[in-house]
Each structure stands twice: as structure tokens, then as C-alpha cells.
Amino acid sequence: MTISNQFNNGGQSHLITLETPRLMLREHTPQDVDRIHEISSAPGFVYFCFDGTRQKAEDFIREAIRTQTPDPKTGMRENHMLAIYIKDTGELIGHTCMEHVHYIQGADYEVNFFVDPKYQNKGYGLEAILNLTDYGFQRYNLPMISVTVHPNNGPSRHLIVKEGYQKVADITMNTVKGPEPRELFVLQQHQFYAMRQQDKRPILMSQVGKIPTPVNQP
């Protein structure tokens with residue numbers, strides 16, 4: 001069995017590509033396995049579903065492709081798992097996701113991301129997650145969106161509070177290390193766009209004079 005056949009979900013996918021000022025956010029493909037494994041096994045990398053093995057990278061890509069097909073009853077996808085590419089170089093540097101969750105009523109989707117440690121502290125992850133959040137608000141008219149953070153992750157917690165998220169609960173998340181504590185934050189749609197008016201540089205495509213409409217792939 002070839003890797004392409006192994007990952008074929010057999011359904012009708014509705015693929016998207018999102019452009020940001022510096023990045024392209026594209027659907028994952030089977031060819032991403034090697035690069036995702038390289039990133040997830042790099043020193044200093046931490047993400048809840050990886051343990052550094054190739055098997056976890058394969059499982060991750062398989063799930064990304066499976067969830068490209070919407071629920072026929074609702075027309076909504078369970079997850080939007082997108083690879084992060086730098087537009088100028090075409091290099092895959094990470095991943096961002098808008099995931100269907102059931103933590104609290106009204107916050108039906110959570111956003112998260114990871115970036116290759118070599119490309120961290122450049123704002124790429126924030127740019128990706130903000131544009132995916134914009135897509136969620138525009139595509140589904142979500143009233144709010146959520147994010148979770150480990151209570152010991154001070155830098156991430158500082159960033160999401162700075163972005164206007166408000167803590168609403170303490171939860172437990174299942175990870176490769178077992179159940180772990182997380183703090184749950186939410187951000188309402190109107191708060192998100194109020195925050196974007198304070199950006200010092202363009203982050204959303206609408207801020208550079210382009211309509212942030214996703215490009216449908218065949």
C-alpha cells in the first residue's frame with residue numbers, strides 16, 4: 001500500500017488555502033509526514049499529540065486528511081488542520097488548527113498551532129492562528145473562539161491575555177503523557193476585530209487591502 005492510498009479518506013473533501021501577509025496556510029497532504037516528523041522530533045519541540053516518533057507524525061497527517069471532509073448533516077468540518085508555509089521560500093514551518101470542541105456552550109471551535117523551533121519568535125504562529133480565527137468568524141459566523149494553555153506555560157498565557165482572551169475554566173486535556181491540566185480562554189468575535197485595529201503591522205489580509213476569502217482547491 002502506498003502512503004497516498006494509505007491516507008486517502010475516500011470521501012469528498014472541501015479543501016482550502018488561506019493567504020496571510022507572510023504565509024500560506026494549506027491543507028496537509030501525505031507528503032508532509034517527513035517534515036512534520038522532523039519538526040516534532042526537534043529539540044525543544046512540545047505539542048500535546050507528539051512523542052517524537054514517525055508513527056505519531058503519520059497519525060497526525062491521517063487525521064488531518066480524514067477531517068477534510070465535512071459532516072454531511074451540518075456542512076461543517078470537525079477540524080481544519082492546515083500546514084504553515086512561508087510564502088517567499090515555500091518552506092513548511094508548522095501547523096495551525098481550528099478544532100471542534102465541547103468545553104463550553106457557544107465556543108464550538110478551539111484554535112492552536114505549532115512552529116518549528118528554528119522559526120519561533122518571529123510572529124509566524126500568531127499570524128497563522130489569527131488568520132485562521134478570522135476565517136472561522138467569517139466562514140461560520142462563530143460568536144467566540146477558544147484556546148487552551150498549560151498553566152505553567154507563562155509566555156503563551158501572556159500572549160493570549162494580551163490578545164484579549166479571557167479565562168473561563170480549568171479543564172483536563174488528554175495528551176501523549178496522559179491527562180494534563182489546561183486553562184480555557186475564550187475570545188468573542190467583536191473583541192477579536194477590536195484588537196486587530198491596534199495591530200502595528202498588517203496581520204490579516206484585509207489589513208493589506210485584500211479580501212480574506214479562502215482559495216478553494218480542486
# chains A, B, ... in the order shown; residues from 1 in each chain; ligands from 1
$ residues_around --residues "segment 93-105 of chain A" --least-positions-apart "3" --cutoff "10 Å" --atoms "only C-alpha atoms" --output "ChimeraX atom specification"
/A:23,25-28,35-36,39-40,64,67,76-86,90,108-120,124-126,128-133,135-136,145-147,168-169,171,184,186
$ select_by_dssp --residues "segment 11-210 of chain A" --states "strand (DSSP E or B)" --output "PyMOL selection string"
chain A and resi 16-19+23-27+79-86+92-100+109-115+144-149+166-175+178-188
$ select_by_dssp --residues "segment 45-176 of chain A" --states "helix (DSSP H, G or I)" --output "JSON, numbers by chain"
{"A": [54, 55, 56, 57, 58, 59, 60, 61, 62, 63, 64, 65, 66, 117, 118, 119, 124, 125, 126, 127, 128, 129, 130, 131, 132, 133, 134, 135, 136, 137, 138, 139, 140, 154, 155, 156, 157, 158, 159, 160, 161, 162]}
$ write_last_selection --atoms "N, CA and C atoms" --output "compact mmCIF listing (two decimals), in the first residue's frame"
# COMPACT_ATOMS: atom_id res chain seq x y z
N ARG A 54 7.93 8.70 14.32
CA ARG A 54 7.31 8.86 13.00
C ARG A 54 5.86 8.42 13.02
N GLN A 55 5.54 7.42 13.82
CA GLN A 55 4.16 6.93 13.88
C GLN A 55 3.20 8.04 14.27
N LYS A 56 3.58 8.87 15.24
CA LYS A 56 2.71 9.97 15.65
C LYS A 56 2.55 10.99 14.52
N ALA A 57 3.60 11.21 13.74
CA ALA A 57 3.51 12.11 12.60
C ALA A 57 2.55 11.55 11.55
N GLU A 58 2.62 10.25 11.31
CA GLU A 58 1.71 9.63 10.36
C GLU A 58 0.27 9.69 10.86
N ASP A 59 0.06 9.41 12.15
CA ASP A 59 -1.28 9.50 12.72
C ASP A 59 -1.84 10.92 12.58
N PHE A 60 -0.98 11.90 12.78
CA PHE A 60 -1.38 13.29 12.70
C PHE A 60 -1.85 13.65 11.29
N ILE A 61 -1.08 13.27 10.29
CA ILE A 61 -1.45 13.57 8.91
C ILE A 61 -2.68 12.79 8.49
N ARG A 62 -2.81 11.57 8.95
CA ARG A 62 -4.01 10.79 8.64
C ARG A 62 -5.25 11.48 9.18
N GLU A 63 -5.17 12.01 10.40
CA GLU A 63 -6.30 12.72 10.99
C GLU A 63 -6.59 14.01 10.23
N ALA A 64 -5.54 14.71 9.81
CA ALA A 64 -5.72 15.95 9.06
C ALA A 64 -6.48 15.69 7.77
N ILE A 65 -6.15 14.61 7.07
CA ILE A 65 -6.81 14.30 5.81
C ILE A 65 -8.22 13.78 6.05
N ARG A 66 -8.41 12.98 7.08
CA ARG A 66 -9.75 12.46 7.39
C ARG A 66 -10.74 13.60 7.62
N PRO A 117 10.93 24.91 16.02
CA PRO A 117 11.70 25.75 16.95
C PRO A 117 12.66 26.71 16.25
N LYS A 118 13.15 26.36 15.05
CA LYS A 118 14.07 27.24 14.33
C LYS A 118 13.38 28.51 13.84
N TYR A 119 12.06 28.49 13.77
CA TYR A 119 11.30 29.63 13.23
C TYR A 119 10.44 30.31 14.29
N TYR A 124 5.30 34.09 13.35
CA TYR A 124 4.63 33.27 12.35
C TYR A 124 3.41 32.54 12.92
N GLY A 125 3.58 31.97 14.11
CA GLY A 125 2.48 31.24 14.72
C GLY A 125 1.29 32.13 14.99
N LEU A 126 1.54 33.32 15.53
CA LEU A 126 0.46 34.26 15.81
C LEU A 126 -0.23 34.69 14.53
N GLU A 127 0.54 34.96 13.49
CA GLU A 127 -0.05 35.36 12.20
C GLU A 127 -0.95 34.25 11.64
N ALA A 128 -0.50 33.02 11.76
CA ALA A 128 -1.29 31.90 11.27
C ALA A 128 -2.58 31.74 12.05
N ILE A 129 -2.48 31.76 13.37
CA ILE A 129 -3.65 31.50 14.19
C ILE A 129 -4.67 32.64 14.10
N LEU A 130 -4.20 33.88 13.94
CA LEU A 130 -5.13 34.99 13.82
C LEU A 130 -5.89 34.94 12.50
N ASN A 131 -5.23 34.54 11.43
CA ASN A 131 -5.91 34.44 10.15
C ASN A 131 -6.86 33.26 10.10
N LEU A 132 -6.52 32.17 10.78
CA LEU A 132 -7.46 31.05 10.87
C LEU A 132 -8.66 31.43 11.72
N THR A 133 -8.43 32.20 12.78
CA THR A 133 -9.54 32.70 13.59
C THR A 133 -10.45 33.60 12.76
N ASP A 134 -9.86 34.48 11.96
CA ASP A 134 -10.63 35.34 11.07
C ASP A 134 -11.47 34.50 10.11
N TYR A 135 -10.89 33.43 9.58
CA TYR A 135 -11.63 32.53 8.70
C TYR A 135 -12.82 31.92 9.43
N GLY A 136 -12.61 31.48 10.67
CA GLY A 136 -13.70 30.89 11.44
C GLY A 136 -14.84 31.87 11.68
N PHE A 137 -14.49 33.09 12.02
CA PHE A 137 -15.52 34.10 12.24
C PHE A 137 -16.25 34.44 10.94
N GLN A 138 -15.52 34.55 9.83
CA GLN A 138 -16.13 34.92 8.56
C GLN A 138 -16.92 33.76 7.94
N ARG A 139 -16.36 32.56 8.00
CA ARG A 139 -16.98 31.39 7.33
C ARG A 139 -18.17 30.89 8.11
N TYR A 140 -18.07 30.80 9.44
CA TYR A 140 -19.12 30.19 10.25
C TYR A 140 -19.85 31.19 11.14
N GLY A 154 3.99 30.15 30.81
CA GLY A 154 3.86 31.58 31.03
C GLY A 154 3.86 32.42 29.76
N PRO A 155 4.79 32.19 28.80
CA PRO A 155 4.81 33.01 27.59
C PRO A 155 3.52 32.91 26.78
N SER A 156 2.99 31.70 26.62
CA SER A 156 1.75 31.53 25.85
C SER A 156 0.58 32.18 26.57
N ARG A 157 0.55 32.01 27.87
CA ARG A 157 -0.53 32.62 28.65
C ARG A 157 -0.49 34.14 28.54
N HIS A 158 0.69 34.71 28.60
CA HIS A 158 0.85 36.16 28.48
C HIS A 158 0.36 36.63 27.11
N LEU A 159 0.68 35.87 26.07
CA LEU A 159 0.31 36.26 24.71
C LEU A 159 -1.20 36.26 24.52
N ILE A 160 -1.89 35.21 24.97
CA ILE A 160 -3.32 35.14 24.72
C ILE A 160 -4.09 36.17 25.56
N VAL A 161 -3.58 36.46 26.75
CA VAL A 161 -4.21 37.52 27.55
C VAL A 161 -4.02 38.86 26.85
N LYS A 162 -2.84 39.08 26.30
CA LYS A 162 -2.56 40.30 25.56
C LYS A 162 -3.47 40.43 24.35
$ closest_residue --among "A:Met144, A:Met205, A:Val176, A:Ala107" --to "Thr53 of chain A" --atoms "only C-alpha atoms"
A:Val176
$ residues_around --residues "Asn152 of chain A" --least-positions-apart "6" --cutoff "12 Å" --atoms "only C-alpha atoms" --output "VMD selection string"
chain A and resid 158 180 to 183
$ atom_distance --atom1 "atom CA of Phe185 of chain A" --atom2 "atom CA of Thr148 of chain A"
6.1 Å
$ residues_around --residues "Gln207 of chain A" --least-positions-apart "4" --cutoff "9 Å" --atoms "only C-alpha atoms" --output "list in words"
Pro21, Arg196, Arg201, Pro202, Ile203 and Ile211 of chain A
$ write_last_selection --atoms "C-alpha atoms" --output "PDB file, in the first residue's frame"
ATOM      1  CA  PRO A  21       0.772  38.735   4.598  1.00  0.00           C
ATOM      2  CA  ARG A 196      -6.908  43.942  15.131  1.00  0.00           C
ATOM      3  CA  ARG A 201       1.722  45.913  11.193  1.00  0.00           C
ATOM      4  CA  PRO A 202      -0.778  44.170   8.892  1.00  0.00           C
ATOM      5  CA  ILE A 203      -1.590  40.661  10.095  1.00  0.00           C
ATOM      6  CA  ILE A 211     -10.362  40.466   0.821  1.00  0.00           C
TER       7      ILE A 211
END
